[in-house]
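Undergrad: Next comes data.cif, mmCIF, C-alpha atoms:
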data_entry
loop_
_atom_site.label_atom_id
_atom_site.label_comp_id
_atom_site.auth_asym_id
_atom_site.auth_seq_id
_atom_site.Cartn_x
_atom_site.Cartn_y
_atom_site.Cartn_z
CA MET A 918 -20.23 -32.01 -36.72
CA TRP A 919 -19.31 -28.38 -37.32
CA ARG A 920 -21.79 -27.35 -34.64
CA SER A 921 -20.00 -29.57 -32.15
CA VAL A 922 -16.65 -28.10 -33.13
CA PHE A 923 -17.92 -24.53 -32.72
CA ALA A 924 -19.52 -25.37 -29.37
CA LEU A 925 -16.32 -26.91 -28.04
CA SER A 926 -14.27 -23.93 -29.29
CA ALA A 927 -16.61 -21.48 -27.59
CA LEU A 928 -16.39 -23.36 -24.29
CA ALA A 929 -12.61 -23.43 -24.55
CA LEU A 930 -12.46 -19.69 -25.15
CA VAL A 931 -14.77 -18.97 -22.21
CA GLY A 932 -12.71 -21.21 -19.96
CA ALA A 933 -9.46 -19.58 -21.06
CA GLY A 934 -10.94 -16.14 -20.45
CA LEU A 935 -11.99 -17.00 -16.93
CA THR A 936 -8.59 -18.51 -16.18
CA GLY A 937 -6.71 -15.56 -17.65
CA CYS A 938 -8.64 -13.14 -15.46
CA ALA A 939 -8.07 -15.31 -12.38
CA LEU A 940 -11.82 -15.05 -11.76
CA ASN A 941 -14.41 -17.67 -10.98
CA ARG A 942 -17.75 -16.17 -11.94
CA PHE A 943 -19.51 -18.35 -9.37
CA GLU A 944 -17.08 -17.72 -6.52
CA ARG A 945 -18.38 -15.71 -3.59
CA ARG A 946 -16.53 -13.23 -1.40
CA GLU A 947 -15.31 -14.59 1.90
CA PRO A 948 -17.86 -13.71 4.64
CA TRP A 949 -15.25 -11.88 6.74
CA ARG A 950 -14.88 -9.17 4.09
CA ASP A 951 -18.51 -8.07 4.21
CA GLN A 952 -18.51 -8.43 8.00
CA ALA A 953 -15.46 -6.17 8.34
CA GLU A 954 -17.15 -3.57 6.14
CA GLN A 955 -20.35 -3.65 8.18
CA VAL A 956 -18.47 -3.28 11.48
CA CYS A 957 -16.51 -0.32 10.11
CA LEU A 958 -19.65 1.36 8.79
CA SER A 959 -21.63 0.77 11.99
CA ARG A 960 -18.86 2.40 14.01
CA LYS A 961 -18.84 5.33 11.58
CA LEU A 962 -15.06 5.13 11.18
CA VAL A 963 -15.38 6.90 7.82
CA GLN A 964 -17.17 10.24 7.67
CA GLN A 965 -18.76 11.41 4.43
CA THR A 966 -17.44 14.76 3.19
CA GLU A 967 -17.19 16.56 -0.13
CA PHE A 968 -13.91 14.65 -0.65
CA VAL A 969 -15.11 11.23 0.59
CA THR A 970 -18.38 10.18 -1.02
CA PRO A 971 -20.21 6.82 -0.98
CA ALA A 972 -20.70 5.11 -4.31
CA LYS A 973 -22.90 2.32 -5.64
CA GLU A 974 -22.09 -1.23 -4.52
CA ILE A 975 -19.49 -3.01 -6.64
CA ASP A 976 -20.60 -6.62 -7.07
CA GLY A 977 -18.34 -8.56 -9.39
CA PRO A 978 -17.09 -9.73 -11.72
CA GLY A 979 -16.75 -12.86 -9.63
CA PRO A 980 -16.05 -12.14 -5.96
CA CYS A 981 -14.54 -8.72 -6.70
CA GLY A 982 -16.04 -5.62 -5.18
CA MET A 983 -17.34 -4.24 -1.89
CA GLN A 984 -20.70 -3.44 -0.33
CA GLN A 985 -20.12 0.26 0.25
CA PRO A 986 -17.29 1.75 -1.82
CA PHE A 987 -16.05 5.23 -1.06
CA ARG A 988 -14.68 7.49 -3.80
CA VAL A 989 -11.88 9.60 -2.35
CA THR A 990 -10.27 12.67 -3.92
CA ARG A 991 -8.58 14.06 -0.78
CA LEU A 992 -7.48 12.70 2.58
CA GLY A 993 -6.92 14.39 5.93
CA ASN A 994 -10.23 16.27 5.86
CA GLY A 995 -9.28 17.77 2.51
CA SER A 996 -5.72 18.76 3.41
CA VAL A 997 -4.00 16.16 1.19
CA LEU A 998 -4.78 15.93 -2.51
CA LEU A 999 -4.77 12.53 -4.21
CA LYS A 1000 -3.08 12.57 -7.60
CA GLN A 1001 -5.60 9.99 -8.77
CA ARG A 1002 -8.98 9.27 -7.21
CA MET A 1003 -9.09 6.21 -4.98
CA THR A 1004 -11.91 3.71 -4.46
CA LEU A 1005 -11.70 1.95 -1.11
CA ALA A 1006 -13.84 -0.02 1.31
CA CYS A 1007 -14.45 1.41 4.77
CA PRO A 1008 -11.77 -0.59 6.69
CA ALA A 1009 -8.88 0.27 4.38
CA LEU A 1010 -9.94 3.92 4.11
CA SER A 1011 -10.21 4.26 7.88
CA GLU A 1012 -6.72 2.85 8.42
CA ALA A 1013 -5.28 4.99 5.62
CA GLU A 1014 -6.65 8.14 7.27
CA ALA A 1015 -5.21 7.09 10.62
CA TRP A 1016 -1.84 6.27 9.04
CA LEU A 1017 -1.76 9.72 7.45
CA ALA A 1018 -2.65 11.54 10.70
CA GLU A 1019 -0.49 9.56 13.12
CA THR A 1020 2.60 8.76 11.07
CA ILE A 1021 2.89 10.32 7.62
CA GLN A 1022 2.25 13.96 8.55
CA PRO A 1023 4.26 13.92 11.81
CA ALA A 1024 7.15 12.25 9.97
CA ALA A 1025 7.03 14.85 7.18
CA ASN A 1026 7.18 17.67 9.72
CA LEU A 1027 9.96 15.95 11.64
CA TYR A 1028 12.26 15.34 8.66
CA PHE A 1029 11.30 18.23 6.35
CA GLY A 1030 9.60 20.83 8.55
CA GLN A 1031 6.44 20.82 6.41
CA PRO A 1032 3.45 18.58 5.75
CA VAL A 1033 2.59 16.30 2.84
CA ALA A 1034 0.26 18.07 0.41
CA GLU A 1035 -0.30 15.37 -2.23
CA ILE A 1036 -0.02 11.59 -2.47
CA ASN A 1037 0.26 9.48 -5.61
CA ALA A 1038 -1.45 6.18 -4.82
CA GLY A 1039 -3.51 3.40 -6.38
CA SER A 1040 -6.42 1.45 -4.97
CA TYR A 1041 -9.26 -0.70 -6.35
CA ALA A 1042 -8.62 -2.97 -9.32
CA CYS A 1043 -10.31 -6.33 -9.94
CA ARG A 1044 -7.35 -8.51 -10.89
CA GLY A 1045 -5.16 -11.40 -9.86
CA ARG A 1046 -1.89 -10.92 -8.07
CA ASN A 1047 0.67 -9.79 -10.63
CA ASN A 1048 -2.10 -9.93 -13.27
CA GLN A 1049 -1.16 -13.56 -13.77
CA ALA A 1050 -3.42 -16.31 -15.12
CA GLY A 1051 -4.77 -18.49 -12.33
CA ALA A 1052 -3.34 -16.27 -9.59
CA LYS A 1053 -5.22 -15.62 -6.37
CA LEU A 1054 -7.12 -12.34 -6.40
CA SER A 1055 -5.24 -9.33 -5.10
CA GLU A 1056 -6.54 -7.43 -2.07
CA HIS A 1057 -6.96 -4.53 -4.49
CA SER A 1058 -9.91 -6.50 -5.89
CA PHE A 1059 -11.85 -5.80 -2.69
CA GLY A 1060 -10.88 -2.17 -2.08
CA ASN A 1061 -8.74 -3.50 0.75
CA ALA A 1062 -5.29 -2.30 -0.35
CA VAL A 1063 -3.35 0.86 -1.22
CA ASP A 1064 -0.14 1.29 -3.21
CA ILE A 1065 1.80 4.51 -2.56
CA MET A 1066 4.33 5.62 -5.16
CA SER A 1067 5.24 9.15 -4.00
CA PHE A 1068 4.59 12.07 -1.64
CA LYS A 1069 4.61 15.76 -2.53
CA LEU A 1070 5.41 18.25 0.24
CA ALA A 1071 3.85 21.68 0.73
CA ASP A 1072 6.78 23.38 -1.04
CA GLY A 1073 6.40 21.16 -4.11
CA SER A 1074 9.26 18.78 -3.31
CA VAL A 1075 8.56 15.17 -4.25
CA ILE A 1076 9.73 12.08 -2.39
CA THR A 1077 9.35 8.96 -4.52
CA VAL A 1078 9.44 5.55 -2.89
CA LYS A 1079 11.72 4.33 -5.68
CA GLY A 1080 14.34 7.06 -5.30
CA GLY A 1081 13.88 8.02 -1.66
CA TRP A 1082 14.24 4.58 -0.12
CA ARG A 1083 17.98 4.86 -0.75
CA GLY A 1084 18.02 8.62 -1.23
CA THR A 1085 19.05 11.40 1.14
CA GLU A 1086 19.25 10.76 4.86
CA ALA A 1087 16.02 12.71 5.41
CA GLU A 1088 14.19 10.83 2.64
CA GLN A 1089 15.32 7.48 3.99
CA GLY A 1090 14.27 8.40 7.53
CA PHE A 1091 10.87 9.69 6.43
CA LEU A 1092 10.03 6.62 4.32
CA ARG A 1093 11.13 4.23 7.06
CA GLU A 1094 8.96 6.03 9.60
CA VAL A 1095 6.07 5.74 7.14
CA PHE A 1096 6.83 2.05 6.60
CA LEU A 1097 7.02 1.18 10.31
CA GLY A 1098 3.88 3.19 11.02
CA ALA A 1099 2.04 1.16 8.39
CA CYS A 1100 3.19 -2.07 10.04
CA GLN A 1101 1.32 -0.98 13.18
CA ARG A 1102 -1.98 -0.76 11.30
CA PHE A 1103 -2.04 -3.04 8.26
CA THR A 1104 -1.70 -6.83 8.10
CA THR A 1105 0.48 -6.70 4.98
CA VAL A 1106 3.15 -4.08 4.32
CA LEU A 1107 5.65 -4.55 1.48
CA ALA A 1108 8.29 -1.96 0.62
CA PRO A 1109 11.45 -1.83 -1.54
CA GLY A 1110 13.67 -4.76 -0.58
CA SER A 1111 10.80 -7.12 0.19
CA ASN A 1112 10.90 -8.55 -3.34
CA VAL A 1113 11.48 -7.42 -6.90
CA PHE A 1114 7.89 -6.32 -7.39
CA HIS A 1115 7.98 -3.55 -4.79
CA TYR A 1116 11.02 -1.56 -5.82
CA ASP A 1117 8.95 1.58 -6.52
CA HIS A 1118 5.99 1.58 -4.13
CA ILE A 1119 4.79 0.66 -0.66
CA HIS A 1120 1.91 -1.81 -0.65
CA VAL A 1121 -0.41 -1.99 2.38
CA ASP A 1122 -3.52 -4.11 2.86
CA LEU A 1123 -5.79 -5.70 5.46
CA ALA A 1124 -5.66 -9.29 4.21
CA ARG A 1125 -6.32 -12.14 6.62
CA HIS A 1126 -3.34 -14.46 6.71
CA ASP A 1127 -4.91 -16.77 9.30
CA PRO A 1128 -8.50 -17.51 10.39
CA ARG A 1129 -8.40 -15.08 13.33
CA GLY A 1130 -6.73 -12.30 11.38
CA LEU A 1131 -3.87 -11.94 13.88
CA LYS A 1132 -0.84 -12.70 11.72
CA ARG A 1133 0.83 -10.02 9.69
CA ILE A 1134 3.58 -9.55 7.11
CA CYS A 1135 5.91 -6.56 7.32
CA GLN A 1136 8.84 -6.72 4.91
CA PRO A 1137 11.69 -6.05 4.50
CA LEU A 1138 13.28 -6.34 7.92
CA ILE A 1139 15.17 -3.09 8.53
CA LYS A 1140 17.58 -1.74 11.12
CA PHE A 1141 16.19 1.67 11.95
CA GLN A 1142 15.55 3.58 15.15
CA PRO A 1143 12.28 5.51 14.79
CA GLN A 1144 12.40 9.17 15.82
CA LEU A 1145 8.63 9.35 16.33
CA GLY A 1146 8.38 8.20 19.94
CA ALA A 1147 5.44 7.04 22.02
CA GLU A 1148 4.69 10.68 22.86
CA GLY A 1149 4.27 11.47 19.16
CA ALA A 1150 1.08 12.51 17.47
CA ARG A 1151 -2.07 10.68 18.46
CA SER A 1152 -5.59 10.80 17.09
CA SER A 1153 -9.04 9.44 17.81
CA TYR A 1154 -8.47 6.51 15.47
CA PRO A 1155 -8.43 3.21 17.41
CA ARG A 1156 -5.39 1.02 16.99
CA PRO A 1157 -6.02 -2.56 15.80
CA PRO A 1158 -5.33 -5.45 18.18
CA ALA A 1159 -1.77 -6.73 18.44
CA ARG A 1160 -0.97 -9.24 15.75
CA GLN A 1161 1.47 -12.10 15.58
CA PRO A 1162 4.24 -12.22 12.96
CA ALA A 1163 3.40 -14.30 9.92
CA PRO A 1164 5.49 -17.38 9.10
CA PRO A 1165 8.25 -16.70 6.53
CA GLN A 1166 6.50 -18.71 3.82
CA ALA A 1167 3.05 -17.13 4.29
CA PRO A 1168 1.39 -16.16 0.99
CA ILE A 1169 1.68 -12.44 0.38
CA ASP A 1170 0.00 -10.04 -1.98
CA VAL A 1171 2.77 -9.57 -4.51
CA GLU A 1172 2.09 -6.76 -6.94
CA GLU A 1173 3.70 -6.33 -10.31
CA ASP A 1174 5.95 -3.38 -11.16
CA ASP A 1175 3.18 -1.52 -12.97
CA PRO A 1176 0.03 -2.75 -11.21
CA TYR A 1177 -2.33 -0.32 -12.89
CA GLY A 1178 -1.14 -0.65 -16.48
CA LEU A 1179 0.49 2.76 -16.40
CA THR A 1180 3.91 3.79 -17.63
CA PRO A 1181 6.55 2.41 -15.19
CA MET A 1182 7.94 5.06 -12.87
CA SER A 1183 11.42 4.23 -14.16
CA ALA A 1184 10.33 5.61 -17.54
CA ARG A 1185 8.80 8.79 -16.15
CA GLY A 1186 10.58 12.05 -15.71
CA GLY A 1187 11.89 12.58 -12.18
CA PRO A 1188 10.85 15.49 -9.98
CA THR A 1189 12.56 18.79 -10.59
CA LYS A 1190 12.77 19.53 -6.88
CA VAL A 1191 14.38 17.18 -4.36
CA ALA A 1192 13.11 17.16 -0.80
CA ARG A 1193 15.79 18.03 1.74
CA ALA A 1194 15.78 18.32 5.49
CA PRO A 1195 15.73 21.95 6.70
CA ALA A 1196 18.89 23.39 8.28
CA ALA A 1197 16.88 24.09 11.41
CA ALA A 1198 13.50 22.50 11.79
CA PRO A 1199 10.89 25.31 11.64
CA PRO A 1200 7.69 25.22 13.69
CA SER A 1201 5.27 22.52 12.59
CA ALA A 1202 2.91 23.45 9.78
CA TYR A 1203 0.65 20.52 10.55
CA THR A 1204 -1.67 21.89 13.23
CA ALA A 1205 -3.45 18.58 13.82
CA ALA A 1206 -0.37 17.19 15.61
CA PRO A 1207 1.88 18.48 18.42
CA ALA A 1208 5.03 20.33 17.40
CA PRO A 1209 7.58 17.73 16.19
CA ARG A 1210 10.95 17.24 17.77
CA THR A 1211 14.04 18.33 15.89
CA TYR A 1212 15.62 15.46 14.03
CA ARG A 1213 19.05 14.95 15.61
CA PRO A 1214 20.53 11.53 14.84
CA GLN A 1215 22.90 10.39 17.58
CA ALA A 1216 25.40 9.01 15.15
CA PRO A 1217 25.95 9.20 11.39
CA ALA A 1218 23.56 6.89 9.66
CA PRO A 1219 25.29 3.79 8.31
CA ARG A 1220 25.71 3.75 4.58
CA LEU A 1221 23.23 1.42 2.99
CA ALA A 1222 24.45 -1.17 0.59
CA ALA A 1223 23.56 -0.50 -3.01
CA ALA A 1224 20.44 -2.26 -4.17
CA PRO A 1225 21.17 -5.48 -6.05
CA ALA A 1226 20.59 -5.40 -9.77
CA TYR A 1227 17.48 -7.49 -10.08
CA GLU A 1228 16.81 -9.40 -13.26
CA GLU A 1229 13.19 -9.40 -14.25
CA PRO A 1230 11.97 -12.96 -13.63
CA ALA A 1231 9.98 -14.84 -16.21
CA PHE A 1232 6.39 -14.93 -14.99
CA GLU A 1233 5.21 -18.46 -14.36
CA ASP A 1234 2.28 -20.02 -12.58
CA GLU A 1235 4.67 -21.72 -10.15
CA PRO A 1236 6.06 -19.68 -7.21
CA LEU A 1237 9.36 -17.94 -7.90
CA ALA A 1238 12.30 -18.56 -5.59
CA LEU A 1239 13.85 -15.14 -4.98
CA THR A 1240 16.30 -13.54 -2.64
CA ALA A 1241 15.91 -9.89 -1.66
CA PRO A 1242 17.46 -7.67 1.02
CA GLY A 1243 15.92 -8.48 4.38
CA LEU A 1244 14.04 -11.45 2.94
CA GLY A 1245 15.34 -14.98 2.82
CA SER A 1246 14.97 -17.33 -0.07
CA GLY A 1247 11.43 -18.54 -0.44
CA PRO A 1248 8.47 -18.73 -2.79
CA ILE A 1249 6.80 -15.55 -3.94
CA TYR A 1250 3.08 -16.00 -4.61
#
With the file now loaded, output its structure as C-alpha cells.
TA:
Amino acid sequence: MWRSVFALSALALVGAGLTGCALNRFERREPWRDQAEQVCLSRKLVQQTEFVTPAKEIDGPGPCGMQQPFRVTRLGNGSVLLKQRMTLACPALSEAEAWLAETIQPAANLYFGQPVAEINAGSYACRGRNNQAGAKLSEHSFGNAVDIMSFKLADGSVITVKGGWRGTEAEQGFLREVFLGACQRFTTVLAPGSNVFHYDHIHVDLARHDPRGLKRICQPLIKFQPQLGAEGARSSYPRPPARQPAPPQAPIDVEEDDPYGLTPMSARGGPTKVARAPAAAPPSAYTAAPAPRTYRPQAPAPRLAAAPAYEEPAFEDEPLALTAPGLGSGPIY
C-alpha cells in the first residue's frame, strides 16, 4: 500500500512541476519556427563576427530552444555594447540589427546629437508568459524576442524606458521614434502604456498571430509625428512584408515586471546623468547614416497626462481585464 502511495505522490509532483514550468516535455516546436531560422541562415542575414558567434543548438526543455543560437556581446558591427550578453535566433537578431541601424541610431543623433553606445536588454529564457503556471510559452523561449530597458549614449547619458517615456521632450521623442521603428519590423511591440507589465521596457518579438504571419500588435496607440522621414537612414536590411493590424483581443506576449528574475528597475539607482537634447544639433557622429536633420518641432509638444497609478494585479490563470492608456478594456494573456 505504501508503495502505491509513494508512486502516486511522485506522479503528482512530476505533474505539478511540468505545469508550474508551463512546459510539456513531449511538445514539439511549431514547424514555422525552424523554417524561419533556416530561411534566415540560408540568406546569411546574420554575419559571424568576434561579437556575434554561433553556439550549440538549444533543444529543450520541452519545445524551448532554437536550431542555431547566436551569442551576442555587441551590435552594430561592434559599435554598441550590450550590458548583458544576448542569445537570439537568426530572425530576431537580424531584425534587431536592422532596427538599430535604421531607427535607433538615427533617432539618437537626431534628438541628442550623438549615437547610442550601450543597450541594456534581455533575450532568451525558457519560461511561460509572466512566469505563470500553465501559461503559454513566451517568445523569449525561442530566442525570438528582445526586451530593452535602457540606452546609454556616447557621452554616458542614460535614457531608461521607464523614466524617458514621460521624461524630457527629447527623451519622449527618441523613445517614440524607436517604438514606431520597431512596429515596422516586429510582429509584436509593447511599450509603456500597453499594459501594466511593460511600464519599464519595450518588448519586441516575431510571434505569428495568424497562420500567414501577417497580423501584428503595436501598442499603445500614440499621437506622435515622427521626425525621421522617408529620406532617413536606410541600410541593406530588407523590410518585412506589410502586415495587417491584429484584432484587439489577439493574444499577446505579456511579460512580467521583472522577466529575468533581477532586481526591479524601480529599486535600482537612477542614472547620474540625464540625456538632454543639444542646444544646436552637432554633426552626426554615426557615420553609417546620413547627417540627421535638426529637430525643430513645429509646435510645443502637448503635455502628456500623468501615468495612472497601477495597482499590481493578483496573478491568476484566468485573463486579467485591464485598462491602460491607448488600450481598451480586454483580456491580457
Undergrad: Need the neighbours of (-3.5, -4.1, 7.6): which residues are at most 9 Å away, counting all atoms listed in the file, as an mmCIF file with C-alpha atoms, in the frame of the given file?
TA:
data_model
loop_
_atom_site.group_PDB
_atom_site.id
_atom_site.type_symbol
_atom_site.label_atom_id
_atom_site.label_comp_id
_atom_site.auth_asym_id
_atom_site.auth_seq_id
_atom_site.Cartn_x
_atom_site.Cartn_y
_atom_site.Cartn_z
ATOM 1 C CA ALA A 1009 -8.880 0.270 4.380
ATOM 2 C CA GLU A 1012 -6.720 2.850 8.420
ATOM 3 C CA ASN A 1061 -8.740 -3.500 0.750
ATOM 4 C CA ALA A 1062 -5.290 -2.300 -0.350
ATOM 5 C CA ALA A 1099 2.040 1.160 8.390
ATOM 6 C CA CYS A 1100 3.190 -2.070 10.040
ATOM 7 C CA GLN A 1101 1.320 -0.980 13.180
ATOM 8 C CA ARG A 1102 -1.980 -0.760 11.300
ATOM 9 C CA PHE A 1103 -2.040 -3.040 8.260
ATOM 10 C CA THR A 1104 -1.700 -6.830 8.100
ATOM 11 C CA THR A 1105 0.480 -6.700 4.980
ATOM 12 C CA VAL A 1106 3.150 -4.080 4.320
ATOM 13 C CA VAL A 1121 -0.410 -1.990 2.380
ATOM 14 C CA ASP A 1122 -3.520 -4.110 2.860
ATOM 15 C CA LEU A 1123 -5.790 -5.700 5.460
ATOM 16 C CA ALA A 1124 -5.660 -9.290 4.210
ATOM 17 C CA ARG A 1125 -6.320 -12.140 6.620
ATOM 18 C CA ARG A 1133 0.830 -10.020 9.690
ATOM 19 C CA ILE A 1134 3.580 -9.550 7.110
ATOM 20 C CA PRO A 1157 -6.020 -2.560 15.800
#
Undergrad: Mind pulling up the distance from atom CA of Leu1070 of chain A to atom CA of Gln1031 of chain A?
TA: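 Between atom CA of Gln1031 of chain A and atom CA of Leu1070 of chain A the gap is 6.8 Å.
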Undergrad: When you draw a straight line from atom CA of Gly1080 of chain A to atom CA of Ile1139 of chain A, how long is it in Å?
TA: 17.2 Å
Undergrad: As an exercise, work out the distance from atom CA of Val1113 of chain A to atom CA of Cys1135 of chain A in Å and give it to one decimal place.
TA: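 Interatomic distance, atom CA of Val1113 of chain A to atom CA of Cys1135 of chain A: 15.3 Å.
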Undergrad: Which of these residues is nearest to Gln985 of chain A, using only C-alpha atoms: A:Gln1142, A:Gln1089, A:Gln965, A:Gln955?
TA: A:Gln955
Undergrad: Got a sec to resolve the PyMOL selection byres ((chain A and resi 1006) around 6) on this structure and send the residues as an MDAnalysis selection string?
TA: chainID A and resid 986 1005 1007:1009 1060
Undergrad: Name the closest residue to Val1095 of chain A among the candidates A:Phe1141, A:Trp1016, A:Tyr1116, A:Tyr1041; distances are taken between atoms, counting only C-alpha atoms.
TA: A:Trp1016
Undergrad: So which residues are close to (-17.2, 8.2, 9.8), meaning at most 12 Å away in the file's coordinates with all atoms listed in the file counted, and can you show them as a ChimeraX atom specification?
TA: /A:956-966,969-971,987,994,1007-1008,1010-1012,1014,1153-1154
Undergrad: My list of candidates is A:Ile1076, A:Ala1025, A:Ile1065, A:Met983. Which is closest to Asp951 of chain A when distances are computed with only C-alpha atoms?
TA: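 So, comparing all the options, the nearest one is A:Met983.
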Undergrad: Excluding same-chain residues fewer than 5 positions from Glu967 of chain A, what lies within 10 Å of it counting all atoms listed in the file, as a list of chain:residue names?
TA: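 The residues that qualify are A:Val989, A:Thr990, A:Arg991, A:Asn994, A:Gly995.
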Undergrad: Starting from the shown file, work through the PyMOL selection byres ((chain A and resi 1093) around 10) and note down what comes out as a PyMOL selection string.
TA: chain A and resi 1024+1081-1082+1087-1092+1094-1099+1108+1139-1143
Undergrad: In terms of the shortest atom-to-atom distance over all atoms listed in the file, which of A:Met1066, A:Ala1038, A:Ala1071, A:Leu1027 is closest to Gln1001 of chain A?
TA: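 Answer, going by the shortest atom-to-atom distance: A:Ala1038.
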Undergrad: Got a sec to resolve the PyMOL selection byres ((chain A and resi 1054) around 6) on this structure and send the residues as a PyMOL selection string?
TA: chain A and resi 1044-1046+1053+1055
Undergrad: Once you have the residues from the selection above, write them out as an mmCIF file, in the frame of the given file, restricted to C-alpha atoms.
TA:
data_model
loop_
_atom_site.group_PDB
_atom_site.id
_atom_site.type_symbol
_atom_site.label_atom_id
_atom_site.label_comp_id
_atom_site.auth_asym_id
_atom_site.auth_seq_id
_atom_site.Cartn_x
_atom_site.Cartn_y
_atom_site.Cartn_z
ATOM 1 C CA ARG A 1044 -7.350 -8.510 -10.890
ATOM 2 C CA GLY A 1045 -5.160 -11.400 -9.860
ATOM 3 C CA ARG A 1046 -1.890 -10.920 -8.070
ATOM 4 C CA LYS A 1053 -5.220 -15.620 -6.370
ATOM 5 C CA SER A 1055 -5.240 -9.330 -5.100
#
Undergrad: With a distance cut-off of 10 Å and only C-alpha atoms, select the neighbouring residues of His1118 of chain A, excluding the residue or stretch itself and same-chain residues fewer than 4 positions from it, and output the selection as number ranges by chain.
TA: A: 1037-1039, 1063-1067, 1077-1079, 1082, 1107-1109, 1114, 1172, 1174-1175, 1182
Undergrad: Limited to C-alpha atoms, could you put the picked residues into a file as a compact mmCIF listing (two decimals), in the frame of the given file?
TA:
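The resulting file, part13.txt, is reproduced below:
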# COMPACT_ATOMS: atom_id res chain seq x y z
CA ASN A 1037 0.26 9.48 -5.61
CA ALA A 1038 -1.45 6.18 -4.82
CA GLY A 1039 -3.51 3.40 -6.38
CA VAL A 1063 -3.35 0.86 -1.22
CA ASP A 1064 -0.14 1.29 -3.21
CA ILE A 1065 1.80 4.51 -2.56
CA MET A 1066 4.33 5.62 -5.16
CA SER A 1067 5.24 9.15 -4.00
CA THR A 1077 9.35 8.96 -4.52
CA VAL A 1078 9.44 5.55 -2.89
CA LYS A 1079 11.72 4.33 -5.68
CA TRP A 1082 14.24 4.58 -0.12
CA LEU A 1107 5.65 -4.55 1.48
CA ALA A 1108 8.29 -1.96 0.62
CA PRO A 1109 11.45 -1.83 -1.54
CA PHE A 1114 7.89 -6.32 -7.39
CA GLU A 1172 2.09 -6.76 -6.94
CA ASP A 1174 5.95 -3.38 -11.16
CA ASP A 1175 3.18 -1.52 -12.97
CA MET A 1182 7.94 5.06 -12.87
Undergrad: Kindly add N, CA and C atoms to the incomplete segment 995-1011 of chain A and provide the output as a JSON list (two decimals), in the frame of the given file.
TA:
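The new file out-v3.json reads:
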[["chain", "number", "residue", "atom", "x", "y", "z"],
["A", 995, "GLY", "N", -9.49, 16.88, 3.65],
["A", 995, "GLY", "CA", -9.28, 17.77, 2.51],
["A", 995, "GLY", "C", -7.91, 18.40, 2.42],
["A", 996, "SER", "N", -7.03, 18.11, 3.39],
["A", 996, "SER", "CA", -5.72, 18.76, 3.41],
["A", 996, "SER", "C", -4.71, 18.13, 2.47],
["A", 997, "VAL", "N", -4.94, 16.88, 2.05],
["A", 997, "VAL", "CA", -4.00, 16.16, 1.19],
["A", 997, "VAL", "C", -4.69, 15.73, -0.09],
["A", 998, "LEU", "N", -4.23, 16.26, -1.19],
["A", 998, "LEU", "CA", -4.78, 15.93, -2.51],
["A", 998, "LEU", "C", -4.29, 14.55, -2.94],
["A", 999, "LEU", "N", -5.16, 13.81, -3.60],
["A", 999, "LEU", "CA", -4.77, 12.53, -4.21],
["A", 999, "LEU", "C", -4.55, 12.76, -5.70],
["A", 1000, "LYS", "N", -3.40, 12.34, -6.19],
["A", 1000, "LYS", "CA", -3.08, 12.57, -7.60],
["A", 1000, "LYS", "C", -4.07, 11.85, -8.50],
["A", 1001, "GLN", "N", -4.55, 10.69, -8.05],
["A", 1001, "GLN", "CA", -5.60, 9.99, -8.77],
["A", 1001, "GLN", "C", -6.65, 9.52, -7.76],
["A", 1002, "ARG", "N", -7.89, 9.61, -8.13],
["A", 1002, "ARG", "CA", -8.98, 9.27, -7.21],
["A", 1002, "ARG", "C", -8.87, 7.81, -6.78],
["A", 1003, "MET", "N", -9.14, 7.56, -5.50],
["A", 1003, "MET", "CA", -9.09, 6.21, -4.98],
["A", 1003, "MET", "C", -10.50, 5.70, -4.71],
["A", 1004, "THR", "N", -10.68, 4.39, -4.85],
["A", 1004, "THR", "CA", -11.91, 3.71, -4.46],
["A", 1004, "THR", "C", -11.54, 2.67, -3.43],
["A", 1005, "LEU", "N", -12.08, 2.82, -2.21],
["A", 1005, "LEU", "CA", -11.70, 1.95, -1.11],
["A", 1005, "LEU", "C", -12.93, 1.55, -0.31],
["A", 1006, "ALA", "N", -12.83, 0.39, 0.34],
["A", 1006, "ALA", "CA", -13.84, -0.02, 1.31],
["A", 1006, "ALA", "C", -13.56, 0.68, 2.63],
["A", 1007, "CYS", "N", -14.54, 0.68, 3.51],
["A", 1007, "CYS", "CA", -14.45, 1.41, 4.77],
["A", 1007, "CYS", "C", -13.22, 1.03, 5.61],
["A", 1008, "PRO", "N", -12.91, -0.27, 5.82],
["A", 1008, "PRO", "CA", -11.77, -0.59, 6.69],
["A", 1008, "PRO", "C", -10.44, -0.04, 6.19],
["A", 1009, "ALA", "N", -10.15, -0.21, 4.91],
["A", 1009, "ALA", "CA", -8.88, 0.27, 4.38],
["A", 1009, "ALA", "C", -8.81, 1.79, 4.39],
["A", 1010, "LEU", "N", -9.92, 2.46, 4.11],
["A", 1010, "LEU", "CA", -9.94, 3.92, 4.11],
["A", 1010, "LEU", "C", -9.73, 4.46, 5.52],
["A", 1011, "SER", "N", -10.37, 3.84, 6.50],
["A", 1011, "SER", "CA", -10.21, 4.26, 7.88],
["A", 1011, "SER", "C", -8.76, 4.16, 8.34]]
